[in-house]
Amino acid sequence: MAETNIVLIGMPASGKSTLGVQLAKWLSKGFIDTDLLVQARAGESMQAFQDRDGLTEYQKLECATVQSVVCENCVIATGGSAVYCDGAMAHLKSIASVVFLDVPLDEILRRIGDFSERGVVIRPGMTLADLYEERRPLYLRHADHVIACSGKAQDELLREIRGVL
Ligand SMILES: Nc1ncnc2c1ncn2[C@@H]1O[C@H](COP(=O)(O)OP(=O)(O)O)[C@@H](O)[C@H]1O
Ligand SMILES: O=C(O)C1=C[C@@H](OP(=O)(O)O)[C@@H](O)[C@H](O)C1
Ligand SMILES: [Mg+2]
């Protein structure tokens, strides 16, 4: 069953959500974006939840939500912070092939612009460069497959992802 699900992990703005839905259409799979499941549980935006309850509570909610994902033959786009939750990553790995969309920092910075309202799990005083440095080793550790995304269009990435599965 594991081979029928594909999980996308990576930094915010690495393309998990946009590429994920395209991949699902192309491979005739279902699609889940765990951010939307988190928002549905919270009943509000991720930013609003974090502003009121804080990052730790947000991460607990995300962790529990990701661990509850049940799906067959799906593409699952995760939020960039899911990688901090070992239980969530273990669950995803048990049901799917995990694909890391590896986008260089300069490209992330170009795409993301102002991230203050994006709900990114970043501690006070940290820059996106700090976050990238902290997280990239985690994404690499949890990935079954790494896709080098630099400068590649979405169609090319779709073909590459299919090629490694
Ligand atoms: N291969 C790509 N090349 C250039 N821009 C991309 C690519 N894939 C996604 N993007 C853009 O990056 C932004 C963030 O994508 P998104 O799917 O929301 O990322 P994530 O879900 O990983 O946070 C979007 O504006 C999207 O159009
Ligand atoms: O990387 C992060 O800290 C986050 C990324 C967001 O999802 P995307 O990775 O889809 O942007 C979302 O899960 C949340 O706001 C936290
Ligand atoms: Mg997303």
# chains A, B, ... in the order shown; residues from 1 in each chain; ligands from 1
$ residues_around --residues "Gln59 (chain A)" --least-positions-apart "2" --cutoff "9 Å" --atoms "only C-alpha atoms" --output "list of chain:residue names"
A:Gly54, A:Leu55, A:Thr56, A:Glu57, A:Leu61, A:Glu62, A:Cys63, A:Ala64, A:Ser81, A:Ala82, A:Tyr84, A:Cys85, A:Val121
$ residues_around --residues "Gly163 (chain A)" --least-positions-apart "2" --cutoff "12 Å" --atoms "only C-alpha atoms" --output "ChimeraX atom specification"
/A:99,145-147,156-161,165
$ closest_atom_pairs --of "chain A" --to "ligand 3" --cutoff "6 Å" --atoms "only C-alpha atoms and all ligand atoms" --output "Markdown table"
| residue | atom | partner | partner_atom_place_in_ligand_line | distance |
| --- | --- | --- | --- | --- |
| A:Lys16 | CA | ligand 3 | 1 (Mg) | 5.4 |
| A:Ser17 | CA | ligand 3 | 1 (Mg) | 4.1 |
| A:Gly79 | CA | ligand 3 | 1 (Mg) | 5.6 |
$ residues_near_ligand --ligand "ligand 2" --cutoff "9 Å" --atoms "only C-alpha atoms and all ligand atoms" --output "PyMOL selection string"
chain A and resi 9-18+33-36+38+45-47+50+58-59+62+77-83+112+117-122+131
$ write_last_selection --atoms "C-alpha atoms" --output "PDB file, in the first residue's frame"
ATOM      1  CA  ILE A   9       8.141  17.560   2.109  1.00  0.00           C
ATOM      2  CA  GLY A  10      10.283  20.696   1.975  1.00  0.00           C
ATOM      3  CA  MET A  11      10.665  24.322   2.891  1.00  0.00           C
ATOM      4  CA  PRO A  12       7.748  26.762   2.660  1.00  0.00           C
ATOM      5  CA  ALA A  13       7.377  27.834  -0.998  1.00  0.00           C
ATOM      6  CA  SER A  14       9.248  24.775  -2.263  1.00  0.00           C
ATOM      7  CA  GLY A  15       6.159  23.888  -4.315  1.00  0.00           C
ATOM      8  CA  LYS A  16       4.572  21.072  -2.285  1.00  0.00           C
ATOM      9  CA  SER A  17       1.000  22.326  -2.640  1.00  0.00           C
ATOM     10  CA  THR A  18       1.055  23.491  -6.263  1.00  0.00           C
ATOM     11  CA  ASP A  33      -2.856  19.132   1.728  1.00  0.00           C
ATOM     12  CA  THR A  34      -2.259  18.669   5.453  1.00  0.00           C
ATOM     13  CA  ASP A  35      -2.310  22.462   5.933  1.00  0.00           C
ATOM     14  CA  LEU A  36      -5.961  22.414   4.913  1.00  0.00           C
ATOM     15  CA  VAL A  38      -4.996  21.682  10.117  1.00  0.00           C
ATOM     16  CA  SER A  45      -6.060  30.340   9.376  1.00  0.00           C
ATOM     17  CA  MET A  46      -2.747  28.965  10.568  1.00  0.00           C
ATOM     18  CA  GLN A  47      -1.494  32.493  11.200  1.00  0.00           C
ATOM     19  CA  GLN A  50      -0.421  30.840  15.923  1.00  0.00           C
ATOM     20  CA  TYR A  58       0.292  25.018  16.483  1.00  0.00           C
ATOM     21  CA  GLN A  59       2.947  22.327  16.194  1.00  0.00           C
ATOM     22  CA  GLU A  62      -0.091  19.899  13.102  1.00  0.00           C
ATOM     23  CA  ALA A  77       1.426  17.832   0.471  1.00  0.00           C
ATOM     24  CA  THR A  78       2.666  18.592   3.973  1.00  0.00           C
ATOM     25  CA  GLY A  79       3.354  21.904   5.671  1.00  0.00           C
ATOM     26  CA  GLY A  80       7.050  22.753   5.881  1.00  0.00           C
ATOM     27  CA  SER A  81       7.059  22.416   9.680  1.00  0.00           C
ATOM     28  CA  ALA A  82       5.705  18.836   9.727  1.00  0.00           C
ATOM     29  CA  VAL A  83       9.317  17.675   9.657  1.00  0.00           C
ATOM     30  CA  ILE A 112       8.345  33.706  -0.507  1.00  0.00           C
ATOM     31  CA  GLU A 117       1.389  36.381   7.400  1.00  0.00           C
ATOM     32  CA  ARG A 118       2.184  32.937   6.010  1.00  0.00           C
ATOM     33  CA  GLY A 119       2.117  31.075   9.313  1.00  0.00           C
ATOM     34  CA  VAL A 120       5.716  29.883   9.050  1.00  0.00           C
ATOM     35  CA  VAL A 121       6.967  28.171  12.211  1.00  0.00           C
ATOM     36  CA  ILE A 122      10.003  30.319  12.876  1.00  0.00           C
ATOM     37  CA  LEU A 131      15.470  28.138   9.156  1.00  0.00           C
TER      38      LEU A 131
END
$ select_by_dssp --residues "region 1-153 of chain A" --states "alpha helix (DSSP H)" --output "count of residues only"
74
$ select_by_dssp --residues "region 11-162 of chain A" --states "strand (DSSP E or B)" --output "PyMOL selection string"
chain A and resi 30-33+74-77+97-102+145-148
$ write_last_selection --atoms "C-alpha atoms" --output "compact mmCIF listing (two decimals), in the first residue's frame"
# COMPACT_ATOMS: atom_id res chain seq x y z
CA GLY A 30 -6.32 11.74 -4.67
CA PHE A 31 -4.83 14.85 -3.09
CA ILE A 32 -4.49 15.94 0.51
CA ASP A 33 -2.86 19.13 1.73
CA CYS A 74 -2.95 9.86 -2.71
CA VAL A 75 -0.46 12.65 -3.09
CA ILE A 76 -0.04 14.32 0.31
CA ALA A 77 1.43 17.83 0.47
CA SER A 97 7.15 7.28 -0.41
CA VAL A 98 8.52 10.55 0.94
CA VAL A 99 9.85 13.01 -1.64
CA PHE A 100 11.87 16.08 -0.60
CA LEU A 101 11.58 19.06 -2.94
CA ASP A 102 15.06 20.50 -2.54
CA HIS A 145 13.86 10.53 -2.62
CA VAL A 146 15.40 13.97 -3.10
CA ILE A 147 14.44 16.09 -6.10
CA ALA A 148 16.88 18.89 -6.95
$ closest_residue --among "A:Leu92, A:Leu37, A:Leu27, A:Val103" --to "Asn73 (chain A)" --atoms "only C-alpha atoms"
A:Leu27
$ atom_distance --atom1 "CA of Ile6 (chain A)" --atom2 "CA of Glu134 (chain A)"
24.0 Å
$ residues_around --residues "Pro104 (chain A)" --least-positions-apart "2" --cutoff "9 Å" --atoms "only C-alpha atoms" --output "PyMOL selection string"
chain A and resi 14+102+106-109+132+148-150
$ residues_around --residues "Ile95 (chain A)" --least-positions-apart "5" --cutoff "12 Å" --atoms "only C-alpha atoms" --output "list in words"
Met1, Ala2, Glu3, Thr4, Asn5, Ile6, Val7, Val66, Gln67, Ser68, Val69, Val70, Cys71, Glu72, Asn73, Cys74, Val75, Ile76, Ala88, Met89 and Ala90 of chain A
$ atom_distance --atom1 "CA of Thr127 (chain A)" --atom2 "CA of Arg111 (chain A)"
15.2 Å
$ closest_residue --among "A:Ser28, A:Gln154, A:Ser116, A:Gln22" --to "Leu128 (chain A)" --atoms "only C-alpha atoms"
A:Ser116
$ decode --residues "region 53-102 of chain A" --atoms "N, CA and C atoms" --output "short mmCIF file (atom, residue, chain, number, x, y, z; two decimals), in the first residue's frame"
data_model
loop_
_atom_site.label_atom_id
_atom_site.label_comp_id
_atom_site.auth_asym_id
_atom_site.auth_seq_id
_atom_site.Cartn_x
_atom_site.Cartn_y
_atom_site.Cartn_z
N ASP A 53 -2.55 31.20 20.00
CA ASP A 53 -2.14 30.07 20.86
C ASP A 53 -0.64 29.79 20.87
N GLY A 54 0.07 30.40 19.93
CA GLY A 54 1.53 30.22 19.92
C GLY A 54 2.00 29.07 19.04
N LEU A 55 3.31 29.07 18.81
CA LEU A 55 3.90 28.09 17.88
C LEU A 55 3.85 26.67 18.42
N THR A 56 4.04 26.52 19.73
CA THR A 56 4.08 25.17 20.30
C THR A 56 2.72 24.49 20.14
N GLU A 57 1.65 25.23 20.42
CA GLU A 57 0.30 24.67 20.26
C GLU A 57 0.03 24.36 18.79
N TYR A 58 0.48 25.26 17.92
CA TYR A 58 0.29 25.02 16.48
C TYR A 58 0.98 23.71 16.07
N GLN A 59 2.19 23.53 16.57
CA GLN A 59 2.95 22.33 16.19
C GLN A 59 2.30 21.06 16.74
N LYS A 60 1.70 21.16 17.94
CA LYS A 60 0.97 20.00 18.49
C LYS A 60 -0.20 19.65 17.58
N LEU A 61 -0.91 20.69 17.15
CA LEU A 61 -2.08 20.47 16.28
C LEU A 61 -1.64 19.87 14.95
N GLU A 62 -0.58 20.42 14.39
CA GLU A 62 -0.09 19.90 13.10
C GLU A 62 0.37 18.45 13.25
N CYS A 63 1.07 18.19 14.33
CA CYS A 63 1.62 16.85 14.58
C CYS A 63 0.47 15.83 14.67
N ALA A 64 -0.54 16.15 15.45
CA ALA A 64 -1.67 15.22 15.62
C ALA A 64 -2.42 15.06 14.30
N THR A 65 -2.57 16.15 13.59
CA THR A 65 -3.33 16.10 12.33
C THR A 65 -2.62 15.24 11.30
N VAL A 66 -1.34 15.44 11.16
CA VAL A 66 -0.59 14.66 10.16
C VAL A 66 -0.60 13.18 10.53
N GLN A 67 -0.52 12.89 11.82
CA GLN A 67 -0.51 11.49 12.24
C GLN A 67 -1.86 10.81 12.03
N SER A 68 -2.89 11.60 11.83
CA SER A 68 -4.22 11.01 11.64
C SER A 68 -4.55 10.81 10.16
N VAL A 69 -3.64 11.15 9.27
CA VAL A 69 -3.95 11.05 7.83
C VAL A 69 -4.09 9.57 7.43
N VAL A 70 -5.24 9.29 6.83
CA VAL A 70 -5.49 7.96 6.28
C VAL A 70 -5.83 8.15 4.82
N CYS A 71 -5.11 7.48 3.95
CA CYS A 71 -5.36 7.67 2.52
C CYS A 71 -4.75 6.52 1.73
N GLU A 72 -5.39 6.19 0.64
CA GLU A 72 -4.81 5.22 -0.29
C GLU A 72 -4.75 5.87 -1.65
N ASN A 73 -3.64 5.68 -2.31
CA ASN A 73 -3.45 6.21 -3.65
C ASN A 73 -3.59 7.74 -3.71
N CYS A 74 -2.87 8.40 -2.81
CA CYS A 74 -2.95 9.86 -2.71
C CYS A 74 -1.58 10.51 -2.83
N VAL A 75 -1.60 11.76 -3.27
CA VAL A 75 -0.46 12.65 -3.09
C VAL A 75 -0.78 13.50 -1.85
N ILE A 76 0.18 13.57 -0.94
CA ILE A 76 -0.04 14.32 0.31
C ILE A 76 1.00 15.43 0.40
N ALA A 77 0.54 16.68 0.28
CA ALA A 77 1.43 17.83 0.47
C ALA A 77 1.41 18.17 1.96
N THR A 78 2.59 18.25 2.55
CA THR A 78 2.67 18.59 3.97
C THR A 78 2.97 20.08 4.13
N GLY A 79 2.84 20.58 5.35
CA GLY A 79 3.35 21.90 5.67
C GLY A 79 4.85 21.76 5.96
N GLY A 80 5.60 22.83 5.72
CA GLY A 80 7.05 22.75 5.88
C GLY A 80 7.50 22.38 7.29
N SER A 81 6.66 22.67 8.29
CA SER A 81 7.06 22.42 9.68
C SER A 81 6.73 21.00 10.15
N ALA A 82 6.06 20.20 9.32
CA ALA A 82 5.70 18.84 9.73
C ALA A 82 6.96 18.02 10.06
N VAL A 83 8.07 18.43 9.48
CA VAL A 83 9.32 17.67 9.66
C VAL A 83 9.83 17.71 11.10
N TYR A 84 9.31 18.65 11.90
CA TYR A 84 9.73 18.70 13.31
C TYR A 84 9.06 17.61 14.15
N CYS A 85 8.05 16.98 13.61
CA CYS A 85 7.29 16.00 14.39
C CYS A 85 7.69 14.58 13.97
N ASP A 86 8.46 13.91 14.82
CA ASP A 86 8.96 12.58 14.47
C ASP A 86 7.81 11.59 14.25
N GLY A 87 6.77 11.70 15.10
CA GLY A 87 5.64 10.78 14.96
C GLY A 87 4.94 10.95 13.62
N ALA A 88 4.82 12.20 13.20
CA ALA A 88 4.17 12.48 11.92
C ALA A 88 5.01 11.93 10.77
N MET A 89 6.31 12.11 10.85
CA MET A 89 7.16 11.63 9.76
C MET A 89 7.18 10.11 9.72
N ALA A 90 7.18 9.49 10.90
CA ALA A 90 7.15 8.02 10.93
C ALA A 90 5.86 7.51 10.32
N HIS A 91 4.76 8.18 10.64
CA HIS A 91 3.46 7.76 10.08
C HIS A 91 3.48 7.90 8.57
N LEU A 92 3.93 9.06 8.10
CA LEU A 92 3.94 9.28 6.64
C LEU A 92 4.82 8.25 5.95
N LYS A 93 5.94 7.98 6.54
CA LYS A 93 6.87 7.01 5.93
C LYS A 93 6.24 5.62 5.87
N SER A 94 5.39 5.32 6.84
CA SER A 94 4.77 3.98 6.87
C SER A 94 3.67 3.84 5.82
N ILE A 95 3.18 4.96 5.30
CA ILE A 95 2.07 4.87 4.34
C ILE A 95 2.45 5.38 2.95
N ALA A 96 3.68 5.87 2.78
CA ALA A 96 3.99 6.57 1.53
C ALA A 96 5.48 6.57 1.20
N SER A 97 5.79 6.90 -0.03
CA SER A 97 7.15 7.28 -0.41
C SER A 97 7.29 8.77 -0.15
N VAL A 98 8.35 9.15 0.53
CA VAL A 98 8.52 10.55 0.94
C VAL A 98 9.52 11.23 -0.01
N VAL A 99 9.05 12.30 -0.64
CA VAL A 99 9.85 13.01 -1.64
C VAL A 99 10.16 14.43 -1.12
N PHE A 100 11.43 14.74 -1.05
CA PHE A 100 11.87 16.08 -0.60
C PHE A 100 12.09 16.96 -1.82
N LEU A 101 11.37 18.07 -1.88
CA LEU A 101 11.58 19.06 -2.94
C LEU A 101 12.68 20.00 -2.48
N ASP A 102 13.87 19.79 -3.01
CA ASP A 102 15.06 20.50 -2.54
C ASP A 102 15.28 21.76 -3.39
#
